[in-house]
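Asker: Data file structure_10.cif (mmCIF, C-alpha atoms) is appended below.
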```cif
data_structure
#
loop_
_atom_site.label_atom_id
_atom_site.label_comp_id
_atom_site.auth_asym_id
_atom_site.auth_seq_id
_atom_site.Cartn_x
_atom_site.Cartn_y
_atom_site.Cartn_z
CA MET A 11 -95.10 -21.67 -3.52
CA GLN A 12 -95.99 -25.22 -4.40
CA ILE A 13 -93.96 -25.23 -7.58
CA LEU A 14 -90.71 -24.29 -5.84
CA ARG A 15 -91.00 -26.43 -2.73
CA GLY A 16 -87.76 -28.05 -1.58
CA GLU A 17 -84.14 -26.92 -1.61
CA SER A 18 -83.15 -29.25 -4.44
CA SER A 19 -85.64 -27.50 -6.72
CA ILE A 20 -84.49 -24.04 -5.69
CA THR A 21 -80.92 -24.81 -6.81
CA TRP A 22 -82.09 -25.04 -10.43
CA VAL A 23 -83.78 -21.64 -10.11
CA ILE A 24 -80.63 -20.10 -8.61
CA VAL A 25 -78.49 -21.46 -11.46
CA PHE A 26 -81.06 -20.10 -13.95
CA VAL A 27 -80.99 -16.61 -12.41
CA TYR A 28 -77.18 -16.47 -12.15
CA SER A 29 -76.83 -17.60 -15.79
CA TRP A 30 -79.03 -14.76 -16.99
CA ILE A 31 -77.26 -12.18 -14.80
CA ILE A 32 -73.92 -13.19 -16.36
CA PHE A 33 -75.54 -13.15 -19.79
CA PHE A 34 -76.94 -9.62 -19.38
CA ILE A 35 -73.59 -8.33 -18.14
CA PHE A 36 -71.37 -9.85 -20.83
CA ALA A 37 -73.54 -10.42 -23.90
CA ASP A 38 -72.57 -8.45 -27.00
CA TRP A 39 -76.02 -7.46 -28.23
CA SER A 40 -74.71 -6.27 -31.60
CA ARG A 41 -73.56 -9.81 -32.46
CA LEU A 42 -76.48 -11.61 -30.89
CA ARG A 43 -78.05 -12.38 -34.27
CA SER A 44 -75.24 -14.83 -35.04
CA THR A 45 -74.13 -15.91 -31.56
CA VAL A 46 -77.65 -16.88 -30.46
CA TYR A 47 -77.29 -20.02 -32.58
CA GLY A 48 -74.78 -21.22 -29.99
CA GLY A 49 -77.48 -21.04 -27.33
CA ILE A 50 -80.04 -22.78 -29.51
CA ILE A 51 -77.65 -25.61 -30.46
CA ALA A 52 -76.40 -26.02 -26.87
CA SER A 53 -80.01 -26.20 -25.65
CA ALA A 54 -80.93 -28.81 -28.27
CA LEU A 55 -77.83 -30.97 -27.77
CA GLY A 56 -78.00 -30.67 -23.98
CA SER A 57 -81.63 -31.72 -23.99
CA VAL A 58 -80.88 -34.80 -26.12
CA VAL A 59 -77.90 -35.80 -23.98
CA ASP A 60 -79.87 -35.40 -20.76
CA TRP A 61 -82.83 -37.28 -22.19
CA ALA A 62 -80.43 -40.14 -23.00
CA GLY A 63 -78.83 -39.83 -19.56
CA HIS A 64 -82.21 -40.25 -17.91
CA ARG A 65 -83.26 -43.11 -20.20
CA LEU A 66 -80.01 -44.98 -19.56
CA ASP A 67 -80.18 -44.38 -15.81
CA LEU A 68 -76.86 -42.57 -15.83
CA TYR A 69 -78.17 -39.74 -13.66
CA GLN A 70 -81.41 -38.03 -12.83
CA PHE A 71 -82.69 -34.57 -11.96
CA ASN A 72 -84.49 -34.54 -8.64
CA ASP A 73 -87.91 -32.96 -8.69
CA SER A 74 -88.94 -32.45 -5.09
CA GLY A 75 -92.08 -30.38 -5.40
CA MET A 76 -91.35 -29.29 -8.95
CA SER A 77 -92.17 -31.12 -12.16
CA ILE A 78 -89.20 -32.67 -13.94
CA TYR A 79 -90.26 -30.68 -17.00
CA VAL A 80 -90.02 -27.42 -15.06
CA THR A 81 -86.60 -28.45 -13.73
CA SER A 82 -85.46 -29.24 -17.27
CA PHE A 83 -86.80 -25.88 -18.46
CA PHE A 84 -84.70 -24.00 -15.88
CA TYR A 85 -81.67 -26.03 -17.00
CA VAL A 86 -82.18 -25.66 -20.75
CA ALA A 87 -83.30 -22.01 -20.75
CA GLY A 88 -80.70 -21.09 -18.12
CA PRO A 89 -77.11 -22.35 -18.28
CA LEU A 90 -77.43 -24.17 -21.61
CA PHE A 91 -78.90 -21.30 -23.65
CA THR A 92 -77.01 -18.39 -22.07
CA MET A 93 -73.60 -20.08 -21.89
CA GLY A 94 -73.99 -21.51 -25.39
CA THR A 95 -74.59 -18.00 -26.72
CA LEU A 96 -71.70 -16.52 -24.72
CA TYR A 97 -69.43 -19.32 -25.91
CA PHE A 98 -70.04 -18.49 -29.58
CA GLN A 99 -69.35 -14.87 -28.68
CA CYS A 100 -66.04 -15.76 -26.97
CA LEU A 101 -64.46 -17.78 -29.79
CA SER A 102 -60.81 -16.94 -30.38
CA ARG A 103 -58.44 -17.49 -33.30
CA ASN A 104 -55.59 -17.74 -30.82
CA ARG A 105 -55.40 -21.49 -30.22
CA LEU A 106 -53.97 -21.13 -26.72
CA ILE A 107 -56.75 -18.80 -25.61
CA GLN A 108 -59.32 -21.04 -27.28
CA ALA A 109 -57.89 -24.08 -25.43
CA ALA A 110 -58.02 -22.12 -22.17
CA ASN A 111 -61.59 -21.10 -22.99
CA ILE A 112 -62.59 -24.76 -23.44
CA ILE A 113 -60.99 -25.65 -20.10
CA VAL A 114 -62.60 -22.70 -18.28
CA PHE A 115 -66.11 -23.39 -19.60
CA SER A 116 -65.72 -27.13 -18.88
CA LEU A 117 -64.56 -26.48 -15.31
CA VAL A 118 -67.40 -24.01 -14.69
CA TYR A 119 -69.97 -26.55 -15.93
CA LEU A 120 -68.37 -29.29 -13.85
CA SER A 121 -68.27 -27.06 -10.75
CA VAL A 122 -71.92 -26.10 -11.02
CA GLU A 123 -72.91 -29.70 -11.72
CA THR A 124 -70.96 -30.84 -8.66
CA LEU A 125 -72.74 -28.24 -6.52
CA ILE A 126 -76.13 -29.33 -7.84
CA VAL A 127 -75.36 -32.99 -7.09
CA LEU A 128 -74.06 -32.14 -3.61
CA SER A 129 -77.14 -30.03 -2.88
CA GLY A 130 -79.50 -32.81 -4.00
CA GLY A 131 -80.73 -31.19 -7.21
CA ALA A 132 -79.49 -34.17 -9.21
CA THR A 133 -78.27 -37.68 -8.46
CA TYR A 134 -75.61 -39.77 -10.16
CA ILE A 135 -76.71 -43.38 -10.70
CA HIS A 136 -74.21 -44.86 -13.16
CA TRP A 137 -72.19 -41.72 -13.68
CA HIS A 138 -69.06 -39.97 -12.39
CA TYR A 139 -67.63 -36.45 -12.20
CA LEU A 140 -64.71 -37.39 -14.46
CA ALA A 141 -67.17 -38.65 -17.09
CA SER A 142 -68.89 -35.26 -16.93
CA LEU A 143 -65.57 -33.47 -17.33
CA MET A 144 -64.67 -35.53 -20.40
CA VAL A 145 -68.11 -34.96 -21.97
CA ASP A 146 -67.78 -31.22 -21.29
CA ILE A 147 -64.32 -31.02 -22.88
CA ILE A 148 -65.39 -33.03 -25.94
CA PHE A 149 -68.58 -30.97 -26.27
CA PHE A 150 -66.87 -27.58 -26.04
CA THR A 151 -64.09 -28.67 -28.41
CA ALA A 152 -66.62 -29.74 -31.04
CA PHE A 153 -68.69 -26.64 -30.25
CA SER A 154 -65.67 -24.42 -30.99
CA TYR A 155 -65.37 -25.83 -34.49
CA LEU A 156 -69.11 -25.54 -35.04
CA GLY A 157 -69.06 -21.95 -33.81
CA GLU A 158 -66.28 -20.92 -36.16
CA VAL A 159 -68.13 -22.41 -39.13
CA MET A 160 -71.58 -21.11 -38.17
CA VAL A 161 -70.76 -17.65 -36.86
CA TYR A 162 -67.87 -16.69 -39.09
CA GLY A 163 -67.38 -19.32 -41.77
CA LYS A 164 -70.48 -18.68 -43.80
CA THR A 165 -69.75 -14.95 -44.12
CA GLY A 166 -66.00 -15.43 -44.59
CA ASN A 167 -65.49 -12.65 -42.06
CA LYS A 168 -62.48 -13.98 -40.21
CA SER A 169 -61.74 -10.57 -38.76
CA GLY A 170 -64.74 -10.98 -36.51
CA LEU A 171 -62.97 -13.69 -34.58
CA ARG A 172 -61.19 -12.73 -31.43
CA VAL A 173 -57.41 -12.92 -31.66
CA MET B 12 -72.07 -35.13 1.89
CA LYS B 13 -75.01 -32.83 1.37
CA ILE B 14 -74.59 -29.06 1.30
CA ASN B 15 -77.24 -26.58 2.34
CA LEU B 16 -78.63 -23.67 0.36
CA PHE B 17 -76.29 -21.09 1.92
CA VAL B 18 -73.16 -23.02 0.97
CA PHE B 19 -74.60 -23.65 -2.50
CA THR B 20 -75.37 -19.96 -3.08
CA THR B 21 -72.00 -18.81 -1.73
CA ALA B 22 -70.11 -21.30 -3.90
CA ILE B 23 -72.05 -20.47 -7.04
CA THR B 24 -71.52 -16.75 -6.42
CA LEU B 25 -67.77 -17.36 -6.20
CA ILE B 26 -67.80 -19.42 -9.40
CA SER B 27 -69.80 -16.70 -11.16
CA VAL B 28 -67.34 -13.99 -10.11
CA LEU B 29 -64.35 -16.02 -11.34
CA PHE B 30 -66.13 -16.87 -14.57
CA GLY B 31 -67.11 -13.22 -15.00
CA ALA B 32 -63.46 -12.24 -14.57
CA TRP B 33 -62.51 -14.63 -17.38
CA LEU B 34 -65.20 -13.18 -19.68
CA PHE B 35 -64.08 -9.66 -18.77
CA PHE B 36 -60.50 -10.63 -19.68
CA LEU B 37 -61.65 -11.95 -23.06
CA ASN B 38 -63.62 -8.76 -23.70
CA ARG B 39 -60.60 -6.60 -22.87
CA LEU B 40 -58.47 -8.72 -25.17
CA HIS B 41 -60.99 -8.26 -27.95
CA ASP B 42 -61.19 -4.49 -27.41
CA LYS B 43 -57.42 -4.18 -27.77
CA GLN B 44 -57.49 -5.66 -31.28
#
```
Can you dump the structure from the file as structure tokens?
Answerer:
Amino acid sequence: MQILRGESSITWVIVFVYSWIIFFIFADWSRLRSTVYGGIIASALGSVVDWAGHRLDLYQFNDSGMSIYVTSFFYVAGPLFTMGTLYFQCLSRNRLIQAANIIVFSLVYLSVETLIVLSGGATYIHWHYLASLMVDIIFFTAFSYLGEVMVYGKTGNKSGLRV
Amino acid sequence: MKINLFVFTTAITLISVLFGAWLFFLNRLHDKQ
């Protein structure tokens, strides 16, 4: 297959498939109408951040045999959309659990990013793993607040939050 | 260091299992409420 030539391209497809497997296993379909906004916002913000990252030569996605737009699609429609949706679903009113949730999601993103860089799917130019970790933590912290307002705040249904 | 596809897939499977365990824990916690 011409479009999937090269190992570095395949890594994006693998991450895409794994993201959707996790999503289908753990998604709460009854709450999807509100939690899907997490996926949409994560996709939009992630796209903007990565566009800026490319423009500023911070890092780049490698596109051996696959268009950079296709690579970006697998990234945005895979881990960004599915994990954004699951994150809104996993919000907790217990601050300790919410803090742990931020750390877990940040570490998972950092781990997968590290694997992609090591496998050649992306390259750091003026970037570092610790910078990624800090961006992840800041993003998920802000995302938690946004999620509470968007998913629960507008209905005033605090009981929907996980304790 | 450059890892091959087998190492990549094995590592990402491990990460997915651990992450799934965390989500399962959160679901159980929610069900108990």
Asker: Identify, on the basis of all atoms listed in the file, every residue whose closest approach to B:Ser27 does not exceed 10 Å; exclude the query and any residue fewer than 3 positions from it along the same chain; express the result as a list in words.
Answerer: Val25, Tyr28, Ser29, Ile31, Ile32, Val118 and Val122 of chain A; Thr21, Ala22, Ile23, Thr24, Phe30, Gly31, Ala32 and Trp33 of chain B
Asker: Can you tell me how far atom CA of A:Leu96 sits from atom CA of A:Met160, in Å to one decimal?
Answerer: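 These atoms are spaced 14.2 Å apart.
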Asker: My list of candidates is A:Asp146, A:Glu123, A:Asp60, A:Asp67. Which is closest to chain B when distances are computed with only C-alpha atoms?
Answerer: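 Looking only at the distances to chain B, the closest residue turns out to be A:Glu123.
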Asker: Translate the PyMOL selection byres ((chain A) within 8 of (chain B)) into a concrete residue list for this structure, as a PyMOL selection string.
Answerer: chain A and resi 17+21+24-25+28+32+36+100+114+118+121-122+125-126+128-130+172-173
Asker: Could you save those same residues with C-alpha atoms as a PDB file, keeping the file's coordinate frame?
Answerer:
```
ATOM      1  CA  GLU A  17     -84.140 -26.920  -1.610  1.00  0.00           C
ATOM      2  CA  THR A  21     -80.920 -24.810  -6.810  1.00  0.00           C
ATOM      3  CA  ILE A  24     -80.630 -20.100  -8.610  1.00  0.00           C
ATOM      4  CA  VAL A  25     -78.490 -21.460 -11.460  1.00  0.00           C
ATOM      5  CA  TYR A  28     -77.180 -16.470 -12.150  1.00  0.00           C
ATOM      6  CA  ILE A  32     -73.920 -13.190 -16.360  1.00  0.00           C
ATOM      7  CA  PHE A  36     -71.370  -9.850 -20.830  1.00  0.00           C
ATOM      8  CA  CYS A 100     -66.040 -15.760 -26.970  1.00  0.00           C
ATOM      9  CA  VAL A 114     -62.600 -22.700 -18.280  1.00  0.00           C
ATOM     10  CA  VAL A 118     -67.400 -24.010 -14.690  1.00  0.00           C
ATOM     11  CA  SER A 121     -68.270 -27.060 -10.750  1.00  0.00           C
ATOM     12  CA  VAL A 122     -71.920 -26.100 -11.020  1.00  0.00           C
ATOM     13  CA  LEU A 125     -72.740 -28.240  -6.520  1.00  0.00           C
ATOM     14  CA  ILE A 126     -76.130 -29.330  -7.840  1.00  0.00           C
ATOM     15  CA  LEU A 128     -74.060 -32.140  -3.610  1.00  0.00           C
ATOM     16  CA  SER A 129     -77.140 -30.030  -2.880  1.00  0.00           C
ATOM     17  CA  GLY A 130     -79.500 -32.810  -4.000  1.00  0.00           C
ATOM     18  CA  ARG A 172     -61.190 -12.730 -31.430  1.00  0.00           C
ATOM     19  CA  VAL A 173     -57.410 -12.920 -31.660  1.00  0.00           C
TER      20      VAL A 173
END
```
Asker: List the neighbours of A:Ser44 out to 7 Å using all atoms listed in the file; skip same-chain residues closer than 3 positions along the sequence, and give me the result as a list in words.
Answerer: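 Residues meeting the cut-off are Arg41, Tyr47 and Val161 of chain A.
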Asker: So what does the PyMOL selection byres ((chain A and resi 50) around 10) actually pick up in this one, as a PDB file with C-alpha atoms, in the frame of the given file?
Answerer:
```pdb
ATOM      1  CA  THR A  45     -74.130 -15.910 -31.560  1.00  0.00           C
ATOM      2  CA  VAL A  46     -77.650 -16.880 -30.460  1.00  0.00           C
ATOM      3  CA  TYR A  47     -77.290 -20.020 -32.580  1.00  0.00           C
ATOM      4  CA  GLY A  48     -74.780 -21.220 -29.990  1.00  0.00           C
ATOM      5  CA  GLY A  49     -77.480 -21.040 -27.330  1.00  0.00           C
ATOM      6  CA  ILE A  51     -77.650 -25.610 -30.460  1.00  0.00           C
ATOM      7  CA  ALA A  52     -76.400 -26.020 -26.870  1.00  0.00           C
ATOM      8  CA  SER A  53     -80.010 -26.200 -25.650  1.00  0.00           C
ATOM      9  CA  ALA A  54     -80.930 -28.810 -28.270  1.00  0.00           C
ATOM     10  CA  LEU A  55     -77.830 -30.970 -27.770  1.00  0.00           C
ATOM     11  CA  GLY A  56     -78.000 -30.670 -23.980  1.00  0.00           C
ATOM     12  CA  VAL A  86     -82.180 -25.660 -20.750  1.00  0.00           C
ATOM     13  CA  ALA A  87     -83.300 -22.010 -20.750  1.00  0.00           C
ATOM     14  CA  LEU A  90     -77.430 -24.170 -21.610  1.00  0.00           C
ATOM     15  CA  PHE A  91     -78.900 -21.300 -23.650  1.00  0.00           C
ATOM     16  CA  THR A  92     -77.010 -18.390 -22.070  1.00  0.00           C
ATOM     17  CA  GLY A  94     -73.990 -21.510 -25.390  1.00  0.00           C
ATOM     18  CA  THR A  95     -74.590 -18.000 -26.720  1.00  0.00           C
TER      19      THR A  95
END
```
Asker: Separation of atom CA of A:Leu101 and atom CA of A:Leu42, in Å?
Answerer: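 Interatomic distance, atom CA of A:Leu101 to atom CA of A:Leu42: 13.6 Å.
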Asker: One decimal, in Å: what's the spacing between atom CA of A:Gln99 and atom CA of A:Val27?
Answerer: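 Going from atom CA of A:Gln99 over to atom CA of A:Val27 covers 20.1 Å.
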